[in-house]
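Everything below belongs to run.csv, which stores CSV, C-alpha atoms.
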```
chain,number,residue,atom,x,y,z
X,171,MET,CA,-26.5,-37.0,-10.3
X,172,ILE,CA,-23.1,-35.4,-9.9
X,173,PHE,CA,-21.3,-37.6,-12.4
X,174,LYS,CA,-22.5,-39.1,-15.7
X,175,ASN,CA,-19.1,-40.5,-16.8
X,176,ASN,CA,-17.9,-43.8,-15.3
X,177,ASN,CA,-14.3,-42.8,-15.6
X,178,LYS,CA,-15.0,-39.7,-13.4
X,179,ILE,CA,-16.7,-41.9,-10.8
X,180,LYS,CA,-13.6,-44.1,-10.7
X,181,ILE,CA,-11.3,-41.2,-10.4
X,182,PHE,CA,-13.2,-39.6,-7.5
X,183,SER,CA,-13.7,-43.0,-5.8
X,184,LEU,CA,-9.9,-43.5,-5.9
X,185,PHE,CA,-9.4,-39.9,-4.8
X,186,GLY,CA,-11.7,-40.4,-1.8
X,187,PHE,CA,-10.1,-43.7,-1.0
X,188,LEU,CA,-6.6,-42.3,-1.0
X,189,ILE,CA,-7.6,-39.4,1.3
X,190,PHE,CA,-9.3,-41.8,3.7
X,191,ILE,CA,-6.3,-44.1,3.9
X,192,THR,CA,-3.8,-41.3,4.2
X,193,PHE,CA,-5.6,-39.6,7.1
X,194,PHE,CA,-6.0,-42.9,9.0
X,195,LEU,CA,-2.4,-43.8,8.5
X,196,LEU,CA,-1.6,-40.4,10.1
X,197,ALA,CA,-4.0,-41.0,13.0
X,198,PRO,CA,-1.6,-42.9,15.2
X,199,ARG,CA,0.9,-40.0,15.0
X,200,LEU,CA,-1.8,-37.7,16.5
X,201,GLU,CA,-2.7,-40.2,19.2
X,202,ALA,CA,1.0,-40.7,20.1
X,203,GLN,CA,1.5,-37.0,20.6
X,204,ASN,CA,-1.6,-36.7,22.7
X,205,ASN,CA,-0.3,-39.3,25.1
X,206,THR,CA,3.0,-37.7,25.7
X,207,SER,CA,1.8,-36.2,29.0
X,208,ALA,CA,0.7,-38.4,31.8
X,209,GLY,CA,-1.4,-36.0,33.8
X,210,ALA,CA,-4.6,-36.4,35.8
X,211,LYS,CA,-6.9,-39.4,35.1
X,212,MET,CA,-10.1,-38.1,33.5
X,213,GLN,CA,-13.3,-40.1,34.0
X,214,LYS,CA,-17.0,-39.8,33.5
X,215,ALA,CA,-19.3,-39.9,36.5
X,216,LYS,CA,-22.9,-39.3,37.6
X,217,VAL,CA,-24.1,-37.1,40.5
X,218,ILE,CA,-26.1,-39.4,42.8
X,219,GLU,CA,-26.4,-37.1,45.8
X,220,ILE,CA,-25.9,-33.5,46.8
X,221,LEU,CA,-24.2,-33.7,50.2
X,222,ALA,CA,-24.0,-30.0,50.9
X,223,GLU,CA,-24.5,-26.6,49.3
X,224,LEU,CA,-23.2,-23.1,50.2
X,225,GLU,CA,-24.1,-19.9,48.5
X,226,LYS,CA,-21.4,-17.2,48.4
X,227,THR,CA,-21.0,-13.7,47.1
X,228,ARG,CA,-18.1,-12.5,45.0
X,229,GLU,CA,-16.5,-9.0,45.3
X,230,ASP,CA,-18.7,-7.7,42.5
X,231,ASN,CA,-21.8,-8.9,44.6
X,232,SER,CA,-22.6,-11.7,42.1
X,233,LEU,CA,-23.7,-15.0,43.7
X,234,PHE,CA,-22.3,-18.5,43.2
X,235,THR,CA,-22.9,-21.9,44.7
X,236,GLN,CA,-20.4,-24.4,46.0
X,237,GLN,CA,-21.3,-28.0,46.4
X,238,ASN,CA,-20.1,-31.2,48.0
X,239,LEU,CA,-21.1,-34.1,45.7
X,240,LYS,CA,-21.4,-37.9,45.9
X,241,LEU,CA,-20.6,-39.4,42.5
X,242,GLU,CA,-20.7,-42.7,40.8
X,243,ILE,CA,-18.0,-43.5,38.1
X,244,LEU,CA,-19.6,-44.6,34.9
X,245,LYS,CA,-16.8,-46.1,32.8
X,246,GLY,CA,-13.3,-47.6,33.1
X,247,GLU,CA,-11.7,-49.9,35.6
X,248,ASN,CA,-13.4,-48.1,38.6
X,249,LYS,CA,-16.9,-48.3,37.0
X,250,GLY,CA,-19.6,-48.4,39.7
X,251,ALA,CA,-17.3,-47.0,42.4
X,252,GLN,CA,-18.7,-44.1,44.5
X,253,VAL,CA,-16.4,-41.1,45.1
X,254,TYR,CA,-16.7,-37.7,46.7
X,255,PHE,CA,-16.1,-34.2,45.5
X,256,TYR,CA,-15.6,-31.5,48.2
X,257,GLY,CA,-16.3,-28.3,46.3
X,258,ILE,CA,-17.1,-26.1,49.4
X,259,SER,CA,-14.0,-24.1,50.3
X,260,ASP,CA,-12.9,-20.6,51.3
X,261,LEU,CA,-11.8,-19.8,47.8
X,262,GLU,CA,-13.8,-17.5,45.6
X,263,VAL,CA,-14.6,-19.6,42.5
X,264,PHE,CA,-14.4,-17.7,39.2
X,265,SER,CA,-16.8,-20.0,37.4
X,266,SER,CA,-18.9,-22.4,39.4
X,267,SER,CA,-21.4,-24.7,37.8
X,268,TYR,CA,-24.5,-25.9,39.6
X,269,TYR,CA,-25.2,-29.6,39.5
X,270,GLN,CA,-28.3,-31.7,40.2
X,271,GLU,CA,-28.8,-35.3,41.0
X,272,GLY,CA,-28.6,-37.4,37.8
X,273,ASP,CA,-26.2,-34.9,36.0
X,274,ARG,CA,-23.3,-36.5,34.2
X,275,VAL,CA,-19.9,-34.8,34.7
X,276,PHE,CA,-16.2,-35.2,33.9
X,277,ILE,CA,-13.9,-35.7,36.9
X,278,ASP,CA,-10.2,-35.6,37.3
X,279,SER,CA,-8.4,-37.7,40.0
X,280,TYR,CA,-5.1,-36.9,41.6
X,281,LEU,CA,-2.9,-38.5,44.2
X,282,ASP,CA,-2.3,-36.2,47.2
X,283,GLU,CA,0.8,-36.2,49.4
X,284,ASN,CA,-0.6,-39.1,51.4
X,285,GLY,CA,-1.1,-41.2,48.3
X,286,GLU,CA,-4.8,-41.0,48.5
X,287,GLU,CA,-6.9,-40.3,45.4
X,288,THR,CA,-8.7,-36.9,45.3
X,289,TYR,CA,-11.5,-36.1,42.9
X,290,TYR,CA,-12.4,-32.8,41.2
X,291,VAL,CA,-15.4,-32.1,39.0
X,292,VAL,CA,-14.0,-30.5,35.9
X,293,ASP,CA,-17.1,-29.9,33.8
X,294,ALA,CA,-20.6,-31.1,32.8
X,295,VAL,CA,-21.0,-33.8,30.1
X,296,ARG,CA,-22.8,-31.9,27.3
X,297,THR,CA,-22.7,-34.7,24.7
X,298,LYS,CA,-26.4,-35.3,24.6
X,299,ALA,CA,-27.4,-31.7,23.9
X,300,LEU,CA,-24.7,-31.5,21.2
X,301,ILE,CA,-25.9,-34.7,19.5
X,302,ILE,CA,-29.5,-33.5,19.5
X,303,LEU,CA,-28.5,-30.2,18.0
X,304,ALA,CA,-26.3,-31.9,15.4
X,305,LEU,CA,-29.2,-34.2,14.4
X,306,ILE,CA,-31.5,-31.2,14.0
X,307,PHE,CA,-28.8,-29.5,11.8
X,308,VAL,CA,-28.4,-32.6,9.6
X,309,ALA,CA,-32.2,-33.1,9.2
X,310,ILE,CA,-32.8,-29.5,8.2
X,311,LEU,CA,-29.8,-29.5,5.9
X,312,ILE,CA,-31.1,-32.5,4.0
X,313,PHE,CA,-34.7,-31.4,4.1
X,314,VAL,CA,-33.9,-28.0,2.7
X,315,GLY,CA,-31.0,-28.8,0.5
X,316,ARG,CA,-32.1,-32.3,-0.6
X,317,PHE,CA,-29.4,-34.2,-2.5
X,318,LYS,CA,-27.1,-31.1,-2.6
X,319,GLY,CA,-27.6,-30.7,1.1
X,320,LEU,CA,-26.5,-34.4,1.5
X,321,ARG,CA,-23.4,-33.7,-0.6
X,322,ALA,CA,-22.6,-30.6,1.5
X,323,LEU,CA,-22.9,-32.8,4.7
X,324,ILE,CA,-20.5,-35.3,3.3
X,325,SER,CA,-18.0,-32.6,2.3
X,326,LEU,CA,-18.3,-31.1,5.8
X,327,ILE,CA,-17.4,-34.5,7.4
X,328,LEU,CA,-14.5,-35.0,5.0
X,329,SER,CA,-13.2,-31.5,5.7
X,330,PHE,CA,-13.3,-32.3,9.4
X,331,PHE,CA,-11.2,-35.4,8.7
X,332,VAL,CA,-8.7,-33.3,6.7
X,333,ILE,CA,-8.2,-31.0,9.7
X,334,VAL,CA,-8.1,-33.8,12.4
X,335,LYS,CA,-6.1,-36.4,10.4
X,336,PHE,CA,-3.8,-34.3,8.3
X,337,ILE,CA,-3.4,-30.7,9.4
X,338,LEU,CA,-3.2,-31.2,13.2
X,339,PRO,CA,-1.0,-34.3,13.1
X,340,GLN,CA,1.4,-32.6,10.8
X,341,ILE,CA,1.6,-29.5,13.0
X,342,LEU,CA,2.2,-31.7,16.1
X,343,ALA,CA,4.9,-33.6,14.2
X,344,GLY,CA,6.8,-30.4,13.8
X,345,GLN,CA,5.9,-29.5,10.3
X,346,ASP,CA,5.5,-25.8,9.3
X,347,PRO,CA,1.9,-24.9,10.1
X,348,PHE,CA,2.1,-22.2,7.3
X,349,LEU,CA,2.7,-24.8,4.6
X,350,VAL,CA,0.5,-27.4,6.1
X,351,SER,CA,-2.4,-25.0,6.3
X,352,LEU,CA,-2.0,-24.0,2.6
X,353,ILE,CA,-2.0,-27.7,1.5
X,354,GLY,CA,-4.8,-28.6,3.9
X,355,GLY,CA,-6.9,-25.6,2.8
X,356,LEU,CA,-6.6,-26.6,-0.8
X,357,ILE,CA,-7.5,-30.2,-0.1
X,358,ILE,CA,-10.6,-29.0,1.9
X,359,MET,CA,-11.7,-26.7,-0.9
X,360,THR,CA,-11.1,-29.3,-3.5
X,361,ILE,CA,-13.3,-31.7,-1.6
X,362,ILE,CA,-16.1,-29.2,-1.0
X,363,ILE,CA,-16.2,-27.8,-4.5
X,364,TYR,CA,-16.0,-31.0,-6.5
X,365,LEU,CA,-18.3,-32.9,-4.2
X,366,THR,CA,-21.0,-30.2,-4.0
X,367,GLU,CA,-20.7,-28.7,-7.5
X,368,GLY,CA,-19.5,-31.7,-9.6
X,369,TRP,CA,-16.9,-32.2,-12.3
X,370,HIS,CA,-17.5,-29.0,-14.3
X,371,ARG,CA,-15.4,-26.3,-15.8
X,372,LYS,CA,-16.7,-23.9,-13.3
X,373,SER,CA,-15.5,-26.2,-10.5
X,374,HIS,CA,-12.0,-26.2,-12.0
X,375,LEU,CA,-12.1,-22.4,-12.2
X,376,ALA,CA,-13.3,-22.2,-8.6
X,377,ILE,CA,-10.3,-24.3,-7.4
X,378,LEU,CA,-7.9,-22.0,-9.3
X,379,SER,CA,-9.6,-18.9,-7.8
X,380,VAL,CA,-9.4,-20.4,-4.3
X,381,PHE,CA,-5.6,-21.1,-4.8
X,382,ILE,CA,-4.9,-17.5,-5.8
X,383,SER,CA,-7.0,-16.2,-3.0
X,384,LEU,CA,-5.4,-18.4,-0.4
X,385,ILE,CA,-1.9,-17.2,-1.6
X,386,SER,CA,-3.0,-13.6,-1.2
X,387,ILE,CA,-4.3,-14.3,2.4
X,388,LEU,CA,-1.1,-16.1,3.3
X,389,ALA,CA,1.1,-13.3,1.9
X,390,LEU,CA,-0.9,-10.7,3.8
X,391,SER,CA,-0.8,-12.8,7.0
X,392,LEU,CA,3.0,-13.3,6.8
X,393,ILE,CA,3.6,-9.6,6.2
X,394,PHE,CA,1.3,-8.2,9.0
X,395,VAL,CA,1.9,-10.9,11.6
X,396,GLY,CA,5.5,-9.9,11.3
X,397,LEU,CA,4.9,-6.1,11.2
X,398,ALA,CA,2.5,-6.3,14.2
X,399,ASN,CA,5.0,-8.6,16.0
X,400,LEU,CA,2.4,-11.2,16.8
X,401,SER,CA,3.8,-14.3,18.6
X,402,GLY,CA,0.7,-16.5,18.4
X,403,LEU,CA,0.7,-17.0,22.2
X,404,ALA,CA,-1.9,-14.3,22.9
X,405,GLN,CA,-4.7,-16.9,23.0
X,406,GLU,CA,-5.1,-18.7,26.3
X,407,GLU,CA,-5.5,-22.0,24.5
X,408,ALA,CA,-2.2,-21.7,22.8
X,409,ALA,CA,-0.5,-20.9,26.1
X,410,PHE,CA,-1.6,-24.3,27.4
X,411,LEU,CA,0.4,-26.0,24.6
X,412,VAL,CA,3.7,-24.6,25.9
X,413,GLY,CA,5.8,-27.3,27.5
X,414,VAL,CA,3.3,-30.1,26.8
X,415,GLY,CA,5.4,-33.2,26.5
X,416,ASP,CA,8.2,-32.9,23.9
X,417,LEU,CA,6.1,-30.8,21.5
X,418,GLN,CA,7.9,-28.1,19.5
X,419,ILE,CA,5.2,-26.0,18.0
X,420,ASN,CA,5.7,-23.0,15.8
X,421,PHE,CA,3.0,-20.8,17.4
X,422,ARG,CA,3.3,-18.0,14.9
X,423,GLY,CA,2.8,-20.6,12.1
X,424,LEU,CA,-0.1,-22.0,14.1
X,425,LEU,CA,-1.6,-18.5,14.1
X,426,LEU,CA,-1.2,-18.2,10.3
X,427,ALA,CA,-2.8,-21.7,9.9
X,428,GLY,CA,-5.8,-20.4,11.9
X,429,PHE,CA,-6.2,-17.4,9.5
X,430,ILE,CA,-6.3,-19.8,6.6
X,431,ILE,CA,-8.8,-22.2,8.1
X,432,GLY,CA,-11.0,-19.4,9.2
X,433,ALA,CA,-11.2,-17.9,5.7
X,434,ILE,CA,-11.9,-21.1,3.8
X,435,GLY,CA,-15.6,-21.3,4.3
X,436,VAL,CA,-16.2,-17.7,3.2
X,437,LEU,CA,-14.0,-18.1,0.1
X,438,ASP,CA,-16.1,-21.1,-0.9
X,439,ASP,CA,-19.3,-19.1,-0.7
X,440,ILE,CA,-18.3,-16.1,-2.7
X,441,ILE,CA,-16.1,-17.8,-5.3
X,442,VAL,CA,-18.6,-20.5,-6.2
X,443,GLY,CA,-21.4,-17.9,-6.2
X,444,GLN,CA,-19.6,-15.6,-8.6
X,445,ILE,CA,-18.7,-18.3,-11.1
X,446,GLU,CA,-22.3,-19.6,-10.9
X,447,ALA,CA,-23.5,-16.0,-11.6
X,448,THR,CA,-21.3,-15.7,-14.8
X,449,ASP,CA,-22.6,-19.1,-16.0
X,450,SER,CA,-26.2,-18.1,-15.4
X,451,LEU,CA,-25.7,-14.8,-17.3
X,452,ARG,CA,-24.1,-16.6,-20.2
X,453,GLU,CA,-27.0,-19.1,-20.4
X,454,ALA,CA,-29.6,-16.4,-20.1
X,455,ASN,CA,-28.2,-14.4,-22.9
X,456,HIS,CA,-25.7,-16.0,-25.3
X,457,ASN,CA,-25.1,-12.7,-27.1
X,458,LEU,CA,-23.5,-11.1,-24.0
X,459,SER,CA,-19.8,-10.4,-24.5
X,460,LYS,CA,-17.3,-11.6,-21.9
X,461,LYS,CA,-16.7,-8.1,-20.8
X,462,ASN,CA,-20.5,-7.5,-20.3
X,463,ILE,CA,-20.8,-10.8,-18.3
X,464,PHE,CA,-17.9,-9.6,-16.1
X,465,THR,CA,-19.5,-6.2,-15.5
X,466,LEU,CA,-22.9,-7.7,-14.6
X,467,ALA,CA,-21.6,-10.4,-12.4
X,468,TYR,CA,-19.3,-7.9,-10.7
X,469,ARG,CA,-22.4,-5.9,-9.6
X,470,VAL,CA,-23.9,-9.1,-8.1
X,471,GLY,CA,-20.6,-9.7,-6.4
X,472,ASN,CA,-20.5,-6.2,-4.9
X,473,THR,CA,-23.8,-6.7,-3.2
X,474,HIS,CA,-22.8,-10.1,-1.9
X,475,LEU,CA,-19.4,-8.8,-0.8
X,476,GLY,CA,-20.8,-6.2,1.5
X,477,ALA,CA,-22.9,-8.8,3.3
X,478,ILE,CA,-19.9,-11.2,3.6
X,479,VAL,CA,-17.5,-8.6,5.0
X,480,ASN,CA,-20.1,-7.5,7.5
X,481,THR,CA,-20.6,-11.1,8.5
X,482,LEU,CA,-16.9,-11.5,9.0
X,483,PHE,CA,-16.6,-8.4,11.1
X,484,LEU,CA,-19.6,-9.2,13.3
X,485,THR,CA,-18.5,-12.7,13.8
X,486,TYR,CA,-15.1,-11.7,15.1
X,487,THR,CA,-16.6,-8.8,17.1
X,488,GLY,CA,-19.0,-11.2,18.7
X,489,ALA,CA,-16.1,-13.4,19.8
X,490,ALA,CA,-14.2,-10.4,21.1
X,491,LEU,CA,-17.1,-8.9,23.2
X,492,PRO,CA,-15.4,-9.6,26.6
X,493,LEU,CA,-12.3,-7.7,25.3
X,494,LEU,CA,-14.5,-4.8,24.2
X,495,LEU,CA,-16.2,-4.7,27.6
X,496,LEU,CA,-12.8,-4.6,29.3
X,497,PHE,CA,-11.8,-1.6,27.1
X,498,ILE,CA,-15.0,0.3,28.1
X,499,LEU,CA,-14.5,-0.5,31.8
X,500,ASN,CA,-10.9,0.5,31.8
X,501,GLN,CA,-11.2,3.8,29.9
X,502,SER,CA,-11.7,5.6,33.2
X,503,SER,CA,-8.4,4.4,34.4
X,504,GLY,CA,-6.6,5.9,31.4
X,505,LEU,CA,-6.6,3.0,28.9
X,506,SER,CA,-6.3,4.6,25.5
X,507,LEU,CA,-7.6,3.2,22.2
X,508,GLU,CA,-4.0,2.9,21.0
X,509,ARG,CA,-3.0,0.9,24.0
X,510,PHE,CA,-6.0,-1.3,23.8
X,511,LEU,CA,-5.4,-2.0,20.0
X,512,SER,CA,-1.7,-2.7,20.7
X,513,THR,CA,-2.6,-5.5,23.2
X,514,GLU,CA,-1.5,-8.7,21.4
X,515,THR,CA,-4.9,-10.4,21.9
X,516,VAL,CA,-6.8,-7.5,20.3
X,517,ALA,CA,-4.2,-6.9,17.6
X,518,THR,CA,-4.4,-10.6,16.6
X,519,GLU,CA,-8.1,-10.4,16.1
X,520,VAL,CA,-7.8,-7.1,14.2
X,521,VAL,CA,-5.2,-8.6,11.8
X,522,ARG,CA,-7.3,-11.8,11.5
X,523,THR,CA,-10.4,-9.9,10.6
X,524,LEU,CA,-8.8,-7.4,8.2
X,525,VAL,CA,-6.6,-10.0,6.4
X,526,GLY,CA,-9.6,-12.4,6.0
X,527,SER,CA,-11.8,-9.5,4.7
X,528,ILE,CA,-9.1,-8.4,2.2
X,529,GLY,CA,-8.7,-12.0,1.0
X,530,VAL,CA,-12.4,-12.3,0.5
X,531,MET,CA,-12.7,-9.0,-1.3
X,532,LEU,CA,-9.9,-10.0,-3.7
X,533,SER,CA,-11.5,-13.4,-4.3
X,534,MET,CA,-14.6,-11.7,-5.8
X,535,PRO,CA,-13.0,-10.0,-8.8
X,536,ILE,CA,-10.6,-13.0,-9.3
X,537,ALA,CA,-13.5,-15.5,-9.5
X,538,THR,CA,-15.6,-13.2,-11.6
X,539,PHE,CA,-12.8,-12.7,-14.1
X,540,PHE,CA,-12.2,-16.5,-14.5
X,541,GLY,CA,-15.9,-17.2,-14.7
X,542,ALA,CA,-16.5,-14.5,-17.3
X,543,PHE,CA,-13.5,-15.0,-19.6
X,544,TYR,CA,-12.8,-18.7,-19.2
X,545,GLY,CA,-16.2,-20.3,-18.4
X,546,LYS,CA,-18.2,-22.0,-21.0
X,547,GLY,CA,-21.4,-22.9,-19.2
X,548,LYS,CA,-20.9,-26.5,-20.1
X,549,LYS,CA,-19.1,-29.4,-18.6
X,550,SER,CA,-15.5,-29.7,-19.6
```

Rewrite the coordinates I just gave you, this time as structure tokens.
Amino acid sequence: MIFKNNNKIKIFSLFGFLIFITFFLLAPRLEAQNNTSAGAKMQKAKVIEILAELEKTREDNSLFTQQNLKLEILKGENKGAQVYFYGISDLEVFSSSYYQEGDRVFIDSYLDENGEETYYVVDAVRTKALIILALIFVAILIFVGRFKGLRALISLILSFFVIVKFILPQILAGQDPFLVSLIGGLIIMTIIIYLTEGWHRKSHLAILSVFISLISILALSLIFVGLANLSGLAQEEAAFLVGVGDLQINFRGLLLAGFIIGAIGVLDDIIVGQIEATDSLREANHNLSKKNIFTLAYRVGNTHLGAIVNTLFLTYTGAALPLLLLFILNQSSGLSLERFLSTETVATEVVRTLVGSIGVMLSMPIATFFGAFYGKGKKS
């Protein structure tokens, strides 16, 4: 069990209750902001008939298929109504999905100049596949991790609520994303560490290490986002938020918030691992000095650190593969490496990767120091 002391159970029950109530009180704020814009009406529908298909060729000789579809609306006031999507046109479609009878899709409806409703297929409904994958993830997590895996799952769910019910509503309400991300990041790490590791001295030390590491990441982010003159608008998703309703979003602050959220998971891994390593060394040999424990745990951390930094680099590189392909393709037209790196989209990913990696590297000696010199190997 995580807790043996009834007082600690009461404290954490109250802590969890307060978090739950706080986030759900904030929920209406998020919903209100989301409803500021009255755009197209989105509905869910099912493809009941393929009326026509036309195969076309793009300029790069790749093939795509356009379709006219008969659809049945599945939910809402128009449930059961049959509508039509005329997807065959003279336009070259950049991304065209191919649908079959029985497929479920999202559709948007607009009123044309004649006042008649026109329907467009927006995308496929992928909920079923995602739910199946999520259930497999949960089953394997609990099977492999047992009770600790269950605690990790609970902390994951609570972390999601912190983001959705606290961080995002506060940003949409006009609060500084920089400050909100720091507070939210600390809340997330507190939940994860105490729920998965229990009420131990090493958990307290981990929280302290996380706080110092997050401060270092925030400081580096502030400095280099400013030096690199990053606006936070390089991402296509951010551009869609411009002019939505009455929202006044600090996009540079939103970019900084993304840096923090992206680094949290890696910080948890290396910090908890290092403090656990110092505890294990102390328990294995009570005669080791604090300096020796630090030295030995530091060696373990070095090995772990190399893998973590490589993971960060490859993760961001994988997400930026389309950009890298564009660079290779445009080298023949005179695109230099300096020009490519100076593109805000690329520079943003470079700063994100390097700042996150530096923060993770600093967290290793910080956590090792606290674990070696202030850990006792026993519950506090």

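Relative to atom CA of X:Val436, atom CA of X:Phe464 is found at 21.0 Å.
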
Neighbours of stretch 305-318 of chain X within 7 Å (only C-alpha atoms; same-chain residues fewer than 4 positions away dropped), as a CSV table (one decimal) with C-alpha atoms, in the frame of the given file?
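Generated output (selection.csv):
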```
chain,number,residue,atom,x,y,z
X,301,ILE,CA,-25.9,-34.7,19.5
X,322,ALA,CA,-22.6,-30.6,1.5
X,366,THR,CA,-21.0,-30.2,-4.0
```

Of the candidates X:Leu342, X:Glu271, X:Arg422, X:Leu458, which one gets nearest to X:Asn399 if we count all atoms listed in the file?
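With all atoms listed in the file as the atom set, the closest residue is X:Arg422.
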
I'd like the interatomic distance between atom CA of X:Ala542 and atom CA of X:Arg469, to a tenth of an Å.
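Result for atom CA of X:Ala542 versus atom CA of X:Arg469: 13.0 Å, one decimal.
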
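Take the candidates X:Gly423, X:Gly476, X:Gly428, X:Gly488 and check each one against X:Val525 using only C-alpha atoms; the shortest distance goes to X:Gly428.
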
Counting only C-alpha atoms, which of X:Leu244, X:Leu532, X:Val521, X:Leu493 gets nearest to X:Ile441?
X:Leu532

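Comparing X:Met531, X:Leu239, X:Leu437, X:Ala427 by their smallest distance to X:Tyr254, the closest is X:Leu239 (using all atoms listed in the file).
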
d(atom CA of X:His374, atom CA of X:Gly545) in Å:
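Between atom CA of X:His374 and atom CA of X:Gly545 the gap works out to 9.7 Å.
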